[in-house]
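Below is the file my_file.pdb, which contains PDB, C-alpha atoms.
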```
ATOM      1  CA  MET A   1     -50.490  -2.175  70.832
ATOM      2  CA  ARG A   2     -47.649  -4.312  72.109
ATOM      3  CA  LEU A   3     -49.572  -5.045  75.344
ATOM      4  CA  LEU A   4     -52.537  -6.116  73.248
ATOM      5  CA  MET A   5     -50.305  -8.533  71.340
ATOM      6  CA  ILE A   6     -49.001  -9.969  74.608
ATOM      7  CA  GLN A   7     -52.551 -10.453  75.869
ATOM      8  CA  LYS A   8     -53.354 -12.287  72.650
ATOM      9  CA  ALA A   9     -50.224 -14.368  73.072
ATOM     10  CA  ARG A  10     -51.548 -15.696  76.347
ATOM     11  CA  LYS A  11     -54.401 -17.353  74.491
ATOM     12  CA  PHE A  12     -51.823 -19.889  73.273
ATOM     13  CA  PRO A  13     -50.477 -21.672  76.381
ATOM     14  CA  SER A  14     -47.855 -23.470  74.340
ATOM     15  CA  ALA A  15     -45.671 -22.135  71.572
ATOM     16  CA  PHE A  16     -45.444 -25.532  69.919
ATOM     17  CA  PRO A  17     -48.577 -25.438  67.678
ATOM     18  CA  LEU A  18     -47.775 -21.965  66.462
ATOM     19  CA  LEU A  19     -44.170 -22.864  65.686
ATOM     20  CA  VAL A  20     -45.151 -26.042  63.853
ATOM     21  CA  GLY A  21     -47.765 -24.120  61.866
ATOM     22  CA  SER A  22     -45.219 -21.427  61.087
ATOM     23  CA  TRP A  23     -42.750 -24.050  59.874
ATOM     24  CA  PHE A  24     -45.423 -25.795  57.823
ATOM     25  CA  VAL A  25     -46.700 -22.663  56.090
ATOM     26  CA  PRO A  26     -44.369 -19.633  56.072
ATOM     27  CA  GLY A  27     -46.052 -16.631  57.664
ATOM     28  CA  LEU A  28     -48.851 -18.613  59.322
ATOM     29  CA  GLY A  29     -47.524 -17.819  62.793
ATOM     30  CA  PHE A  30     -47.825 -14.085  62.131
ATOM     31  CA  ILE A  31     -51.269 -14.409  60.570
ATOM     32  CA  ALA A  32     -52.489 -16.429  63.577
ATOM     33  CA  ARG A  33     -51.468 -13.450  65.727
ATOM     34  CA  ARG A  34     -53.307 -11.022  63.450
ATOM     35  CA  ASP A  35     -50.090  -9.625  62.047
ATOM     36  CA  TYR A  36     -51.547 -10.004  58.574
ATOM     37  CA  TRP A  37     -49.244  -7.843  56.483
ATOM     38  CA  ARG A  38     -46.094  -9.433  57.906
ATOM     39  CA  GLY A  39     -47.459 -12.952  57.459
ATOM     40  CA  ALA A  40     -48.606 -12.241  53.901
ATOM     41  CA  ALA A  41     -45.264 -10.689  52.962
ATOM     42  CA  VAL A  42     -43.322 -13.649  54.355
ATOM     43  CA  PHE A  43     -45.694 -16.119  52.685
ATOM     44  CA  ILE A  44     -45.441 -14.485  49.250
ATOM     45  CA  LEU A  45     -41.677 -13.997  49.384
ATOM     46  CA  LEU A  46     -40.736 -17.461  50.605
ATOM     47  CA  ASN A  47     -43.273 -19.487  48.655
ATOM     48  CA  GLY A  48     -42.604 -17.379  45.548
ATOM     49  CA  THR A  49     -38.917 -18.205  45.839
ATOM     50  CA  PHE A  50     -39.737 -21.881  46.343
ATOM     51  CA  LEU A  51     -41.996 -21.808  43.286
ATOM     52  CA  LEU A  52     -39.241 -20.234  41.197
ATOM     53  CA  GLY A  53     -36.963 -23.075  42.287
ATOM     54  CA  LEU A  54     -39.541 -25.588  41.089
ATOM     55  CA  LEU A  55     -39.925 -23.751  37.783
ATOM     56  CA  LEU A  56     -36.164 -24.083  37.275
ATOM     57  CA  HIS A  57     -36.691 -27.886  37.320
ATOM     58  CA  GLY A  58     -35.547 -28.285  40.925
ATOM     59  CA  THR A  59     -36.926 -30.348  43.769
ATOM     60  CA  VAL A  60     -36.122 -31.413  47.319
ATOM     61  CA  LEU A  61     -34.014 -34.550  47.107
ATOM     62  CA  PRO A  62     -33.903 -36.838  50.154
ATOM     63  CA  ALA A  63     -30.342 -36.996  51.497
ATOM     64  CA  GLU A  64     -28.390 -40.104  52.461
ATOM     65  CA  PHE A  65     -28.246 -40.233  56.259
ATOM     66  CA  ASN A  66     -26.152 -43.399  56.526
ATOM     67  CA  TYR A  67     -22.604 -42.340  57.375
ATOM     68  CA  PHE A  68     -21.133 -45.571  55.963
ATOM     69  CA  SER A  69     -22.894 -45.289  52.618
ATOM     70  CA  PRO A  70     -20.650 -44.310  49.665
ATOM     71  CA  SER A  71     -23.243 -41.757  48.602
ATOM     72  CA  PHE A  72     -23.125 -40.006  51.976
ATOM     73  CA  ASN A  73     -22.414 -36.303  51.461
ATOM     74  CA  VAL A  74     -22.424 -33.643  54.174
ATOM     75  CA  VAL A  75     -23.255 -30.827  51.752
ATOM     76  CA  ASN A  76     -26.271 -32.713  50.408
ATOM     77  CA  LEU A  77     -27.361 -33.476  53.950
ATOM     78  CA  LEU A  78     -27.156 -29.830  55.040
ATOM     79  CA  THR A  79     -28.904 -28.745  51.848
ATOM     80  CA  PHE A  80     -31.725 -31.169  52.567
ATOM     81  CA  ILE A  81     -32.095 -29.915  56.147
ATOM     82  CA  GLY A  82     -32.125 -26.310  54.916
ATOM     83  CA  GLN A  83     -34.674 -27.037  52.194
ATOM     84  CA  MET A  84     -36.961 -28.741  54.698
ATOM     85  CA  GLY A  85     -37.399 -25.341  56.384
ATOM     86  CA  ASN A  86     -40.335 -24.641  54.082
ATOM     87  CA  GLY A  87     -42.396 -27.470  55.558
ATOM     88  CA  ALA A  88     -45.481 -28.020  53.433
ATOM     89  CA  ALA A  89     -43.830 -27.269  50.105
ATOM     90  CA  SER A  90     -40.826 -29.502  50.727
ATOM     91  CA  LEU A  91     -42.983 -32.334  52.058
ATOM     92  CA  PHE A  92     -45.109 -32.011  48.944
ATOM     93  CA  CYS A  93     -41.956 -32.393  46.809
ATOM     94  CA  LEU A  94     -40.944 -35.508  48.747
ATOM     95  CA  ALA A  95     -44.453 -36.950  48.476
ATOM     96  CA  SER A  96     -44.529 -36.212  44.766
ATOM     97  CA  ALA A  97     -41.235 -38.058  44.285
ATOM     98  CA  LYS A  98     -42.226 -40.998  46.484
ATOM     99  CA  TRP A  99     -45.669 -41.620  45.038
ATOM    100  CA  LYS A 100     -44.818 -40.367  41.549
ATOM    101  CA  LEU A 101     -47.650 -37.867  41.425
ATOM    102  CA  GLY A 102     -46.179 -36.293  38.295
ATOM    103  CA  ILE A 103     -46.998 -32.743  39.368
ATOM    104  CA  ILE A 104     -43.389 -31.711  39.904
ATOM    105  CA  ARG A 105     -41.002 -32.721  37.134
ATOM    106  CA  PRO A 106     -37.425 -32.254  38.304
ATOM    107  CA  VAL A 107     -34.563 -32.749  35.845
ATOM    108  CA  GLU A 108     -31.413 -33.639  37.773
ATOM    109  CA  THR A 109     -29.226 -33.346  34.677
ATOM    110  CA  ASP A 110     -30.523 -29.856  33.926
ATOM    111  CA  PRO A 111     -27.778 -27.185  34.193
ATOM    112  CA  TRP A 112     -30.203 -25.116  36.295
ATOM    113  CA  PHE A 113     -30.825 -27.877  38.832
ATOM    114  CA  ASP A 114     -28.174 -26.648  41.297
ATOM    115  CA  LEU A 115     -29.407 -23.087  40.973
ATOM    116  CA  ALA A 116     -32.943 -24.314  41.609
ATOM    117  CA  ALA A 117     -31.712 -26.123  44.726
ATOM    118  CA  LEU A 118     -30.284 -22.811  45.920
ATOM    119  CA  TYR A 119     -33.701 -21.138  45.516
ATOM    120  CA  LEU A 120     -35.297 -23.904  47.599
ATOM    121  CA  LEU A 121     -32.492 -23.643  50.148
ATOM    122  CA  VAL A 122     -32.907 -19.876  50.581
ATOM    123  CA  SER A 123     -36.658 -20.299  50.958
ATOM    124  CA  GLY A 124     -36.265 -22.991  53.623
ATOM    125  CA  CYS A 125     -33.483 -21.334  55.594
ATOM    126  CA  MET A 126     -35.275 -17.983  55.702
ATOM    127  CA  ASN A 127     -38.352 -19.741  57.060
ATOM    128  CA  TYR A 128     -36.238 -21.061  59.949
ATOM    129  CA  PHE A 129     -35.479 -17.402  60.729
ATOM    130  CA  CYS A 130     -39.196 -16.632  60.585
ATOM    131  CA  VAL A 131     -40.073 -19.490  62.955
ATOM    132  CA  CYS A 132     -37.459 -18.270  65.447
ATOM    133  CA  ASN A 133     -38.809 -14.737  65.092
ATOM    134  CA  VAL A 134     -42.358 -15.935  65.814
ATOM    135  CA  TYR A 135     -41.104 -17.499  69.028
ATOM    136  CA  ASP A 136     -39.076 -14.433  70.024
ATOM    137  CA  ARG A 137     -41.869 -12.017  69.192
ATOM    138  CA  TYR A 138     -44.745 -13.784  70.959
ATOM    139  CA  PHE A 139     -43.161 -16.049  73.551
ATOM    140  CA  GLY A 140     -39.565 -15.019  74.028
ATOM    141  CA  ARG A 141     -37.578 -11.921  74.841
ATOM    142  CA  GLN A 142     -39.371  -9.511  72.518
ATOM    143  CA  SER A 143     -42.722 -10.216  74.171
ATOM    144  CA  GLU A 144     -41.567  -8.796  77.506
ATOM    145  CA  PRO A 145     -43.171  -5.417  78.258
ATOM    146  CA  SER A 146     -39.967  -3.760  79.478
ATOM    147  CA  GLU A 147     -38.233  -4.299  76.192
ATOM    148  CA  ALA A 148     -41.309  -3.531  74.142
ATOM    149  CA  ALA A 149     -41.706  -0.179  75.877
ATOM    150  CA  GLY A 150     -38.138   0.829  75.166
ATOM    151  CA  GLY A 151     -36.906   2.102  71.872
ATOM    152  CA  ARG A 152     -35.718  -0.397  69.432
ATOM    153  CA  LYS A 153     -34.275  -1.172  66.235
ATOM    154  CA  GLN A 154     -30.798  -0.317  65.519
ATOM    155  CA  CYS A 155     -29.487  -2.500  62.759
TER     156      CYS A 155
ATOM    157  CA  MET B   1     -24.091 -19.817  27.760
ATOM    158  CA  THR B   2     -25.040 -16.152  27.987
ATOM    159  CA  LEU B   3     -28.477 -17.094  29.288
ATOM    160  CA  ASN B   4     -26.914 -19.230  32.021
ATOM    161  CA  GLY B   5     -24.643 -16.379  33.110
ATOM    162  CA  LEU B   6     -27.468 -13.846  33.122
ATOM    163  CA  LEU B   7     -29.684 -16.258  35.045
ATOM    164  CA  HIS B   8     -27.024 -16.723  37.713
ATOM    165  CA  ILE B   9     -26.400 -12.975  38.043
ATOM    166  CA  GLY B  10     -30.134 -12.306  38.171
ATOM    167  CA  SER B  11     -30.553 -15.035  40.780
ATOM    168  CA  CYS B  12     -27.796 -13.478  42.880
ATOM    169  CA  LEU B  13     -29.585 -10.116  42.825
ATOM    170  CA  TYR B  14     -32.999 -11.638  43.512
ATOM    171  CA  LEU B  15     -31.968 -14.045  46.275
ATOM    172  CA  GLY B  16     -29.973 -11.285  47.959
ATOM    173  CA  LEU B  17     -33.085  -9.123  47.855
ATOM    174  CA  VAL B  18     -35.258 -11.896  49.329
ATOM    175  CA  VAL B  19     -32.845 -12.522  52.207
ATOM    176  CA  THR B  20     -32.431  -8.846  53.090
ATOM    177  CA  LEU B  21     -36.137  -8.075  52.682
ATOM    178  CA  VAL B  22     -37.223 -10.952  54.935
ATOM    179  CA  LEU B  23     -34.691  -9.874  57.575
ATOM    180  CA  GLY B  24     -36.059  -6.324  57.363
ATOM    181  CA  ILE B  25     -39.670  -7.519  57.630
ATOM    182  CA  LEU B  26     -38.824  -9.546  60.729
ATOM    183  CA  GLU B  27     -36.938  -6.705  62.355
ATOM    184  CA  PHE B  28     -39.013  -3.572  61.707
ATOM    185  CA  ASP B  29     -42.669  -2.695  62.059
ATOM    186  CA  GLN B  30     -42.856   0.124  59.513
ATOM    187  CA  TRP B  31     -42.304  -0.136  55.771
ATOM    188  CA  LYS B  32     -39.966   2.847  55.807
ATOM    189  CA  GLY B  33     -37.567   1.090  58.168
ATOM    190  CA  ILE B  34     -37.929  -2.131  56.245
ATOM    191  CA  TRP B  35     -37.011  -0.564  52.901
ATOM    192  CA  ARG B  36     -34.126   1.401  54.364
ATOM    193  CA  SER B  37     -32.597  -1.628  56.098
ATOM    194  CA  THR B  38     -33.201  -3.769  53.010
ATOM    195  CA  ALA B  39     -31.476  -1.286  50.721
ATOM    196  CA  ARG B  40     -28.533  -0.870  53.078
ATOM    197  CA  ARG B  41     -28.014  -4.606  53.554
ATOM    198  CA  TRP B  42     -28.561  -5.414  49.889
ATOM    199  CA  LEU B  43     -26.017  -2.839  48.759
ATOM    200  CA  LYS B  44     -23.508  -4.108  51.320
ATOM    201  CA  LEU B  45     -24.046  -7.687  50.178
ATOM    202  CA  MET B  46     -23.720  -6.824  46.508
ATOM    203  CA  GLY B  47     -20.609  -4.755  47.210
ATOM    204  CA  ALA B  48     -19.010  -7.675  49.024
ATOM    205  CA  LEU B  49     -19.921 -10.055  46.202
ATOM    206  CA  VAL B  50     -18.503  -7.715  43.556
ATOM    207  CA  LEU B  51     -15.312  -7.420  45.603
ATOM    208  CA  ILE B  52     -15.011 -11.202  45.884
ATOM    209  CA  GLY B  53     -15.665 -11.505  42.154
ATOM    210  CA  LEU B  54     -12.943  -8.973  41.366
ATOM    211  CA  VAL B  55     -10.419 -10.736  43.609
ATOM    212  CA  ALA B  56     -11.257 -14.090  42.027
ATOM    213  CA  GLN B  57     -10.913 -12.554  38.562
ATOM    214  CA  LEU B  58      -7.549 -11.003  39.421
ATOM    215  CA  LEU B  59      -6.239 -14.256  40.863
ATOM    216  CA  SER B  60      -7.293 -16.135  37.742
ATOM    217  CA  PHE B  61      -5.053 -14.076  35.400
TER     218      PHE B  61
END
```
As structure tokens, what does this structure read like?
Amino acid sequence: MRLLMIQKARKFPSAFPLLVGSWFVPGLGFIARRDYWRGAAVFILLNGTFLLGLLLHGTVLPAEFNYFSPSFNVVNLLTFIGQMGNGAASLFCLASAKWKLGIIRPVETDPWFDLAALYLLVSGCMNYFCVCNVYDRYFGRQSEPSEAAGGRKQC
Amino acid sequence: MTLNGLLHIGSCLYLGLVVTLVLGILEFDQWKGIWRSTARRWLKLMGALVLIGLVAQLLSF
């Protein structure tokens, strides 16, 4: 089974498209490799969490990158980078705010806004883990036959 | 006020579950291993959070 997955992996000469796709849509990298249940589980969990964040009146706020600006804040910057881990959903939030699409209605004064930001942050950061796992599983160390043949998984 | 507190506690439980479940899904190939690792990690995480909460409560007296 593992050898079959490695043979499939060779169809993609470069990891880049798969990693970008996996960043853009959580779980897409697994689904592209016919690991349907894993991709679907990741997709539902991460996008469900992102959706809950939106339902709590949250959104992805663009951070201030200018170090000399008075509104520069490292925590906000790191939060923004973490939230951008869920590519398509976070870009949709930014597009909605920029072009005032009116689909997402964040309320920054809402007492749940910070909690909502945490939901978006967890969703994005966990997708970074998933992207790294896609690389490891199909292009990196885990794709090597010697390791795949050996026993694994001790937590 | 009560709703806010309950929402935060519920969020803690749910987000902890999401993090541990995703880690389990990425690590194991069988659902049995996934659920076992998820339960173990989730309980550890909740235990640590309860401990931190107790210490913070004690220090606030």
Under the rule of at most 7 Å, produce a per-residue listing of chain B near chain A: chain, number, name, the closest pair of atoms, and the distance in Å, as CSV, using all atoms listed in the file.
```
residue,atom,partner,partner_atom,distance
B:Val18,CA,A:Leu45,CA,6.8
B:Val19,CA,A:Met126,CA,6.9
B:Val22,CA,A:Val42,CA,6.7
B:Ile25,CA,A:Arg38,CA,6.7
B:Leu26,CA,A:Asn133,CA,6.8
B:Phe28,CA,A:Lys153,CA,7.0
```
Print the selection's residues with C-alpha atoms to a file, as a PDB file, in the coordinates of the input.
```pdb
ATOM      1  CA  VAL B  18     -35.258 -11.896  49.329  1.00  0.00           C
ATOM      2  CA  VAL B  19     -32.845 -12.522  52.207  1.00  0.00           C
ATOM      3  CA  VAL B  22     -37.223 -10.952  54.935  1.00  0.00           C
ATOM      4  CA  ILE B  25     -39.670  -7.519  57.630  1.00  0.00           C
ATOM      5  CA  LEU B  26     -38.824  -9.546  60.729  1.00  0.00           C
ATOM      6  CA  PHE B  28     -39.013  -3.572  61.707  1.00  0.00           C
TER       7      PHE B  28
END
```
message: For Ala39 (chain B), find every residue with an atom within 10 Å (counting all atoms listed in the file), except residues of its own chain fewer than 4 positions away, and show them as a ChimeraX atom specification.
response: /B:17,20-21,24,33-35,43-45
Convert the output of the PyMOL selection byres ((chain A and resi 28) around 10) on the shown file into explicit residues, formatted as a compact mmCIF listing (two decimals) with C-alpha atoms, in the frame of the given file.
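Below is the file expr.txt, written as the result:
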```
# COMPACT_ATOMS: atom_id res chain seq x y z
CA LEU A 18 -47.78 -21.96 66.46
CA LEU A 19 -44.17 -22.86 65.69
CA VAL A 20 -45.15 -26.04 63.85
CA GLY A 21 -47.76 -24.12 61.87
CA SER A 22 -45.22 -21.43 61.09
CA TRP A 23 -42.75 -24.05 59.87
CA PHE A 24 -45.42 -25.80 57.82
CA VAL A 25 -46.70 -22.66 56.09
CA PRO A 26 -44.37 -19.63 56.07
CA GLY A 27 -46.05 -16.63 57.66
CA GLY A 29 -47.52 -17.82 62.79
CA PHE A 30 -47.82 -14.08 62.13
CA ILE A 31 -51.27 -14.41 60.57
CA ALA A 32 -52.49 -16.43 63.58
CA ARG A 33 -51.47 -13.45 65.73
CA ARG A 34 -53.31 -11.02 63.45
CA ASP A 35 -50.09 -9.62 62.05
CA TYR A 36 -51.55 -10.00 58.57
CA ARG A 38 -46.09 -9.43 57.91
CA GLY A 39 -47.46 -12.95 57.46
CA ALA A 40 -48.61 -12.24 53.90
CA VAL A 42 -43.32 -13.65 54.36
CA PHE A 43 -45.69 -16.12 52.68
CA CYS A 130 -39.20 -16.63 60.58
CA VAL A 131 -40.07 -19.49 62.96
CA VAL A 134 -42.36 -15.94 65.81
```
field: Explicit residue set for the PyMOL selection byres ((chain A and resi 90) around 10), as a VMD selection string
entry: chain A and resid 24 50 59 to 61 80 83 to 89 91 to 96 120 124
query: So how far away is CA of Gly16 (chain B) from CA of Asn4 (chain B), in Å?
result: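 Result for CA of Asn4 (chain B) versus CA of Gly16 (chain B): 18.1 Å, one decimal.
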task: Can you pull out every residue within 8 Å of Pro106 (chain A), counting only C-alpha atoms, but drop anything in the same chain fewer than 3 positions away, and send it as a PyMOL selection string?
output: chain A and resi 54+57-59+113
Coordinates of box centre and edge lengths for region 34-53 of chain A, 4 Å on every side, axis-aligned, as AutoDock Vina command-line options:
```
--center_x -45.1 --center_y -15.5 --center_z 52.3 --size_x 24.3 --size_y 23.2 --size_z 30.3
```
task: Counting all atoms listed in the file, figure out which residue out of B:Arg40, B:Ile9, B:Leu3, B:Asp29 gets nearest to Gly53 (chain B).
output: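 Closest candidate: B:Ile9.
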